[in-house]
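Just protein-v5.txt here, compact mmCIF, C-alpha atoms:
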# COMPACT_ATOMS: atom_id res chain seq x y z
CA MET A 912 -19.33 -2.81 -26.32
CA ASN A 913 -23.09 -2.79 -25.75
CA LYS A 914 -24.75 0.43 -24.63
CA VAL A 915 -24.84 0.74 -20.84
CA ASP A 916 -27.96 2.21 -19.23
CA ILE A 917 -27.68 4.20 -16.00
CA ILE A 918 -30.63 3.87 -13.61
CA PRO A 919 -30.72 6.00 -10.43
CA ALA A 920 -32.37 4.11 -7.57
CA ILE A 921 -34.08 5.26 -4.39
CA LEU A 922 -35.41 3.66 -1.22
CA PRO A 923 -38.09 6.30 -0.54
CA ASN A 924 -39.20 6.90 3.03
CA SER A 925 -42.13 9.01 1.85
CA PHE A 926 -43.84 10.16 -1.32
CA GLU A 927 -42.17 13.57 -0.92
CA ASP A 928 -38.79 11.85 -0.69
CA PHE A 929 -39.55 9.93 -3.88
CA GLU A 930 -40.70 13.08 -5.65
CA SER A 931 -37.70 15.17 -4.60
CA HIS A 932 -35.21 12.53 -5.79
CA ALA A 933 -37.03 12.19 -9.11
CA ALA A 934 -36.81 15.95 -9.58
CA ARG A 935 -33.03 15.79 -9.29
CA VAL A 936 -32.55 13.32 -12.15
CA LYS A 937 -35.55 13.86 -14.44
CA THR A 938 -33.52 15.75 -17.03
CA LEU A 939 -30.48 13.46 -16.78
CA VAL A 940 -31.84 9.95 -17.34
CA SER A 941 -34.87 8.32 -18.93
CA ARG A 942 -35.67 5.78 -16.19
CA MET A 943 -35.49 5.57 -12.39
CA GLN A 944 -35.89 2.61 -10.05
CA ILE A 945 -38.11 2.69 -6.94
CA ASP A 946 -37.08 0.14 -4.31
CA VAL A 947 -40.17 -0.98 -2.43
CA ALA A 948 -39.88 -2.99 0.80
CA ASP A 949 -42.51 -3.96 3.37
CA GLY A 950 -40.26 -5.60 5.97
CA SER A 951 -40.87 -9.16 4.75
CA TYR A 952 -38.41 -10.17 2.03
CA ALA A 953 -36.06 -7.32 2.94
CA PRO A 954 -35.84 -6.13 6.56
CA SER A 955 -36.46 -2.45 5.80
CA ARG A 956 -39.72 -0.66 5.05
CA THR A 957 -40.16 2.04 2.43
CA TRP A 958 -43.00 4.09 0.98
CA PRO A 959 -45.82 3.17 0.44
CA TYR A 960 -45.48 0.81 3.43
CA THR A 961 -44.18 3.55 5.73
CA SER A 962 -47.01 5.86 4.67
CA SER A 963 -49.61 5.21 1.98
CA GLU A 964 -49.85 8.88 1.01
CA HIS A 965 -50.67 9.38 -2.69
CA PHE A 966 -50.47 5.65 -3.47
CA ALA A 967 -54.21 5.04 -3.71
CA GLU A 968 -54.49 8.04 -6.05
CA LEU A 969 -51.69 6.63 -8.23
CA VAL A 970 -53.29 3.19 -8.36
CA GLY A 971 -56.67 4.74 -9.16
CA GLN A 972 -55.00 6.87 -11.83
CA ASP A 973 -56.35 10.02 -10.23
CA GLU A 974 -52.74 11.17 -10.01
CA GLY A 975 -49.68 10.45 -12.14
CA LEU A 976 -46.24 9.36 -11.02
CA PRO A 977 -43.97 12.37 -10.44
CA TYR A 978 -42.62 13.83 -13.67
CA TRP A 979 -44.14 10.97 -15.65
CA GLU A 980 -43.72 12.96 -18.87
CA ASP A 981 -39.94 12.99 -18.37
CA LEU A 982 -39.24 9.74 -16.53
CA GLU A 983 -40.14 6.09 -16.80
CA TYR A 984 -40.15 4.10 -13.58
CA GLU A 985 -39.38 0.53 -12.70
CA VAL A 986 -40.22 -0.85 -9.27
CA ASP A 987 -37.94 -3.26 -7.42
CA LEU A 988 -40.38 -5.37 -5.36
CA LEU A 989 -38.42 -6.34 -2.26
CA ILE A 990 -41.48 -8.06 -0.84
CA ARG A 991 -42.91 -11.56 -0.51
CA LYS A 992 -45.72 -12.61 -2.84
CA PRO A 993 -44.97 -9.74 -5.24
CA GLU A 994 -47.74 -10.95 -7.54
CA VAL A 995 -50.19 -9.34 -5.09
CA ALA A 996 -48.58 -5.89 -5.26
CA LEU A 997 -47.54 -5.94 -8.91
CA ALA A 998 -51.08 -5.32 -10.16
CA ASP A 999 -51.25 -2.04 -8.21
CA TRP A 1000 -47.90 -0.84 -9.53
CA ILE A 1001 -48.96 -1.63 -13.07
CA LYS A 1002 -52.08 0.49 -12.55
CA ALA A 1003 -49.88 3.25 -11.11
CA GLY A 1004 -48.00 3.41 -14.39
CA VAL A 1005 -44.60 1.74 -13.97
CA SER A 1006 -42.82 0.62 -17.11
CA GLY A 1007 -40.90 -2.23 -15.50
CA ALA A 1008 -40.66 -4.40 -12.39
CA VAL A 1009 -37.95 -6.41 -10.68
CA VAL A 1010 -39.23 -9.56 -8.99
CA HIS A 1011 -36.79 -11.58 -6.89
CA ILE A 1012 -36.92 -15.25 -7.77
CA GLU A 1013 -36.92 -16.36 -4.13
CA SER A 1014 -39.74 -14.01 -3.11
CA THR A 1015 -42.50 -16.01 -4.85
CA ASP A 1016 -43.47 -19.53 -5.88
CA ASP A 1017 -45.71 -18.28 -8.68
CA HIS A 1018 -43.26 -17.15 -11.34
CA GLY A 1019 -45.73 -18.01 -14.08
CA ALA A 1020 -48.30 -15.55 -12.74
CA ILE A 1021 -45.64 -12.81 -12.69
CA VAL A 1022 -44.76 -13.51 -16.33
CA ASP A 1023 -48.42 -13.46 -17.36
CA MET A 1024 -49.11 -10.19 -15.52
CA SER A 1025 -46.09 -8.41 -16.98
CA GLN A 1026 -46.76 -9.63 -20.52
CA ASN A 1027 -50.44 -8.68 -20.36
CA ALA A 1028 -49.52 -5.21 -19.10
CA GLY A 1029 -46.67 -4.75 -21.58
CA ILE A 1030 -44.05 -3.92 -18.92
CA ASP A 1031 -40.43 -5.07 -18.65
CA LEU A 1032 -39.94 -7.94 -16.22
CA GLY A 1033 -36.59 -8.39 -14.53
CA TRP A 1034 -35.78 -11.42 -12.41
CA GLY A 1035 -33.76 -10.43 -9.34
CA ILE A 1036 -31.10 -12.78 -7.99
CA LYS A 1037 -28.83 -12.53 -4.94
CA PRO A 1038 -25.12 -13.42 -4.95
CA SER A 1039 -25.77 -16.51 -2.79
CA THR A 1040 -28.54 -17.84 -5.05
CA PRO A 1041 -27.20 -20.38 -7.57
CA ASN A 1042 -27.55 -19.21 -11.16
CA GLU A 1043 -29.11 -22.57 -11.98
CA LYS A 1044 -32.32 -21.45 -10.22
CA LEU A 1045 -32.50 -18.49 -12.57
CA PHE A 1046 -31.67 -20.60 -15.61
CA GLU A 1047 -34.45 -23.05 -14.77
CA ILE A 1048 -37.03 -20.26 -14.59
CA ILE A 1049 -35.89 -18.73 -17.88
CA ASP A 1050 -35.75 -22.08 -19.66
CA THR A 1051 -39.27 -22.89 -18.43
CA LEU A 1052 -41.02 -19.52 -18.80
CA GLY A 1053 -39.01 -17.76 -21.48
CA MET A 1054 -36.60 -14.86 -21.66
CA PRO A 1055 -37.37 -11.91 -19.37
CA GLY A 1056 -36.86 -8.27 -20.27
CA PHE A 1057 -33.75 -8.30 -18.08
CA VAL A 1058 -32.09 -9.93 -15.08
CA GLN A 1059 -31.01 -7.88 -12.07
CA VAL A 1060 -28.07 -9.25 -10.11
CA MET A 1061 -27.91 -7.87 -6.59
CA GLY A 1062 -24.46 -6.80 -5.48
CA SER A 1063 -25.02 -8.07 -1.93
CA ASP A 1064 -27.28 -10.44 -0.04
CA SER A 1065 -28.01 -7.51 2.28
CA ILE A 1066 -30.85 -5.93 0.33
CA GLY A 1067 -33.11 -3.03 1.21
CA HIS A 1068 -30.28 -0.82 2.45
CA GLY A 1069 -28.23 1.89 0.79
CA GLY A 1070 -24.45 2.05 0.81
CA GLU A 1071 -23.69 -1.69 0.88
CA ASP A 1072 -20.34 -2.88 -0.50
CA LEU A 1073 -20.21 -5.03 -3.61
CA ASP A 1074 -19.79 -8.77 -3.10
CA GLU A 1075 -16.98 -9.54 -5.54
CA SER A 1076 -18.48 -12.95 -6.36
CA VAL A 1077 -20.98 -11.13 -8.59
CA TYR A 1078 -18.34 -10.57 -11.28
CA ASP A 1079 -18.24 -14.32 -11.99
CA LYS A 1080 -22.01 -14.56 -11.51
CA ILE A 1081 -22.64 -11.92 -14.17
CA ALA A 1082 -20.08 -13.47 -16.51
CA GLU A 1083 -21.80 -16.87 -16.27
CA ILE A 1084 -25.22 -15.38 -17.04
CA ARG A 1085 -23.74 -13.43 -19.96
CA GLU A 1086 -22.12 -16.55 -21.38
CA ARG A 1087 -25.42 -18.42 -21.30
CA TYR A 1088 -27.56 -15.55 -22.63
CA PRO A 1089 -25.40 -13.34 -24.89
CA ASP A 1090 -28.21 -10.91 -25.75
CA LEU A 1091 -29.87 -10.59 -22.34
CA THR A 1092 -29.90 -7.23 -20.56
CA ILE A 1093 -28.11 -7.74 -17.24
CA ALA A 1094 -28.55 -5.13 -14.52
CA ILE A 1095 -26.47 -4.85 -11.36
CA ASP A 1096 -27.77 -3.13 -8.24
CA ILE A 1097 -25.85 -2.45 -4.97
CA GLY A 1098 -22.23 -1.42 -4.81
CA VAL A 1099 -22.21 0.30 -8.20
CA ASN A 1100 -19.81 3.25 -8.31
CA ASP A 1101 -17.04 4.70 -10.44
CA GLU A 1102 -14.55 2.09 -9.17
CA THR A 1103 -16.65 -1.06 -9.57
CA ALA A 1104 -18.57 -0.11 -12.72
CA PRO A 1105 -15.80 -0.77 -15.29
CA ASP A 1106 -15.25 -4.33 -14.04
CA LEU A 1107 -19.00 -4.95 -13.84
CA VAL A 1108 -19.39 -3.91 -17.47
CA ASP A 1109 -16.40 -6.04 -18.46
CA ALA A 1110 -18.11 -9.00 -16.77
CA GLY A 1111 -21.22 -8.45 -18.88
CA ALA A 1112 -23.47 -5.93 -17.12
CA THR A 1113 -25.35 -3.60 -19.45
CA LYS A 1114 -27.47 -1.76 -16.90
CA LEU A 1115 -26.01 -0.02 -13.85
CA VAL A 1116 -28.45 0.68 -11.02
CA SER A 1117 -26.99 3.10 -8.49
CA GLY A 1118 -28.41 4.88 -5.49
CA SER A 1119 -25.76 6.09 -3.05
CA PHE A 1120 -23.09 6.93 -5.61
CA ILE A 1121 -25.48 9.12 -7.56
CA PHE A 1122 -27.63 10.73 -4.90
CA GLU A 1123 -24.90 11.26 -2.30
CA SER A 1124 -22.66 12.93 -4.85
CA PRO A 1125 -22.20 16.70 -4.53
CA ASP A 1126 -22.56 16.81 -8.33
CA ILE A 1127 -25.27 14.40 -9.52
CA PRO A 1128 -24.86 15.15 -13.26
CA ASP A 1129 -21.13 14.46 -12.95
CA ALA A 1130 -21.72 11.19 -11.07
CA ILE A 1131 -24.09 10.00 -13.79
CA ASP A 1132 -21.63 11.05 -16.49
CA GLN A 1133 -18.85 9.10 -14.76
CA LEU A 1134 -20.95 5.95 -15.02
CA LYS A 1135 -21.97 6.69 -18.61
CA ASN A 1136 -18.43 7.42 -19.76
CA LEU A 1137 -16.62 4.36 -18.45

Can the structure in the file be given as structure tokens, please?
Amino acid sequence: MNKVDIIPAILPNSFEDFESHAARVKTLVSRMQIDVADGSYAPSRTWPYTSSEHFAELVGQDEGLPYWEDLEYEVDLLIRKPEVALADWIKAGVSGAVVHIESTDDHGAIVDMSQNAGIDLGWGIKPSTPNEKLFEIIDTLGMPGFVQVMGSDSIGHGGEDLDESVYDKIAEIRERYPDLTIAIDIGVNDETAPDLVDAGATKLVSGSFIFESPDIPDAIDQLKNL
């Protein structure tokens, strides 16, 4: 079995919220995902669109991301025209970015930006989006760092249930690309994780199961020790 990475995820309502969640996992994992929504592609709004506090300082590199010496960050851009925002997040110091294939028409620009910056690019895909759309992008523009399958079409919210169609979706992607890192986000918990890994997922992105647990280290260990 391939190694499975565990990535805690947060929909931050403020910079302080982001920082406090990072503090709780900085010694437990090597990477954390920041879900960023501006109310366009996903209906919710998160920091820095709820409040721009600290963001200009991060982009200007006058300030570092919280606990940057302990944690890498990847940003899940739940916004339209992510190519506009991606440049700022690269300057802020993220190591990876998830860009949803239906959120932009300029996939080539996203690939160029991520390659020039040396960050991991993950294409995000919803359960209802045919895998063929993803395959066409990969076959045209090359293999991404990873693909992130969303566990529900209802994105930008915590605590959503897993759409069981994603098991077959992941399995089909795995069959086509045997060596590709496949992440799954939404609905990842101790009950769904074993079947998701069996289907071909190698990266488990979890927010509610980890951060709502009374014992965060134990919750992460449960996912690590499937």

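With distances restricted to all atoms listed in the file, A:Gly1067 is the closest residue to Ala953 of chain A from A:Gly1029, A:Gly1067, A:Pro1089, A:Pro1105.
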
Atomic separation - atom CA of Phe966 of chain A relative to atom CA of Ile1097 of chain A, Å = 26.0 Å

Contact residues around segment 1010-1023 of chain A with only C-alpha atoms at 12 Å, ignoring same-chain residues under 4 positions, as a ChimeraX atom specification = /A:946-948,951-953,985-998,1001,1027-1049,1051-1061,1064,1066

Please identify all polymer residues within 7 Å of Ser941 of chain A, counting only C-alpha atoms, omitting same-chain residues fewer than 3 positions from it, and present them as a list of chain:residue names.
-> A:Asp981, A:Leu982, A:Glu983

How would the residues just chosen look if you wrote them out with C-alpha atoms as a compact mmCIF listing (two decimals), in the coordinates of the input?
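Result file follows (part-v7.txt):
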# COMPACT_ATOMS: atom_id res chain seq x y z
CA ASP A 981 -39.94 12.99 -18.37
CA LEU A 982 -39.24 9.74 -16.53
CA GLU A 983 -40.14 6.09 -16.80

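The space between atom CA of Lys1080 of chain A and atom CA of Asp916 of chain A spans 19.4 Å.
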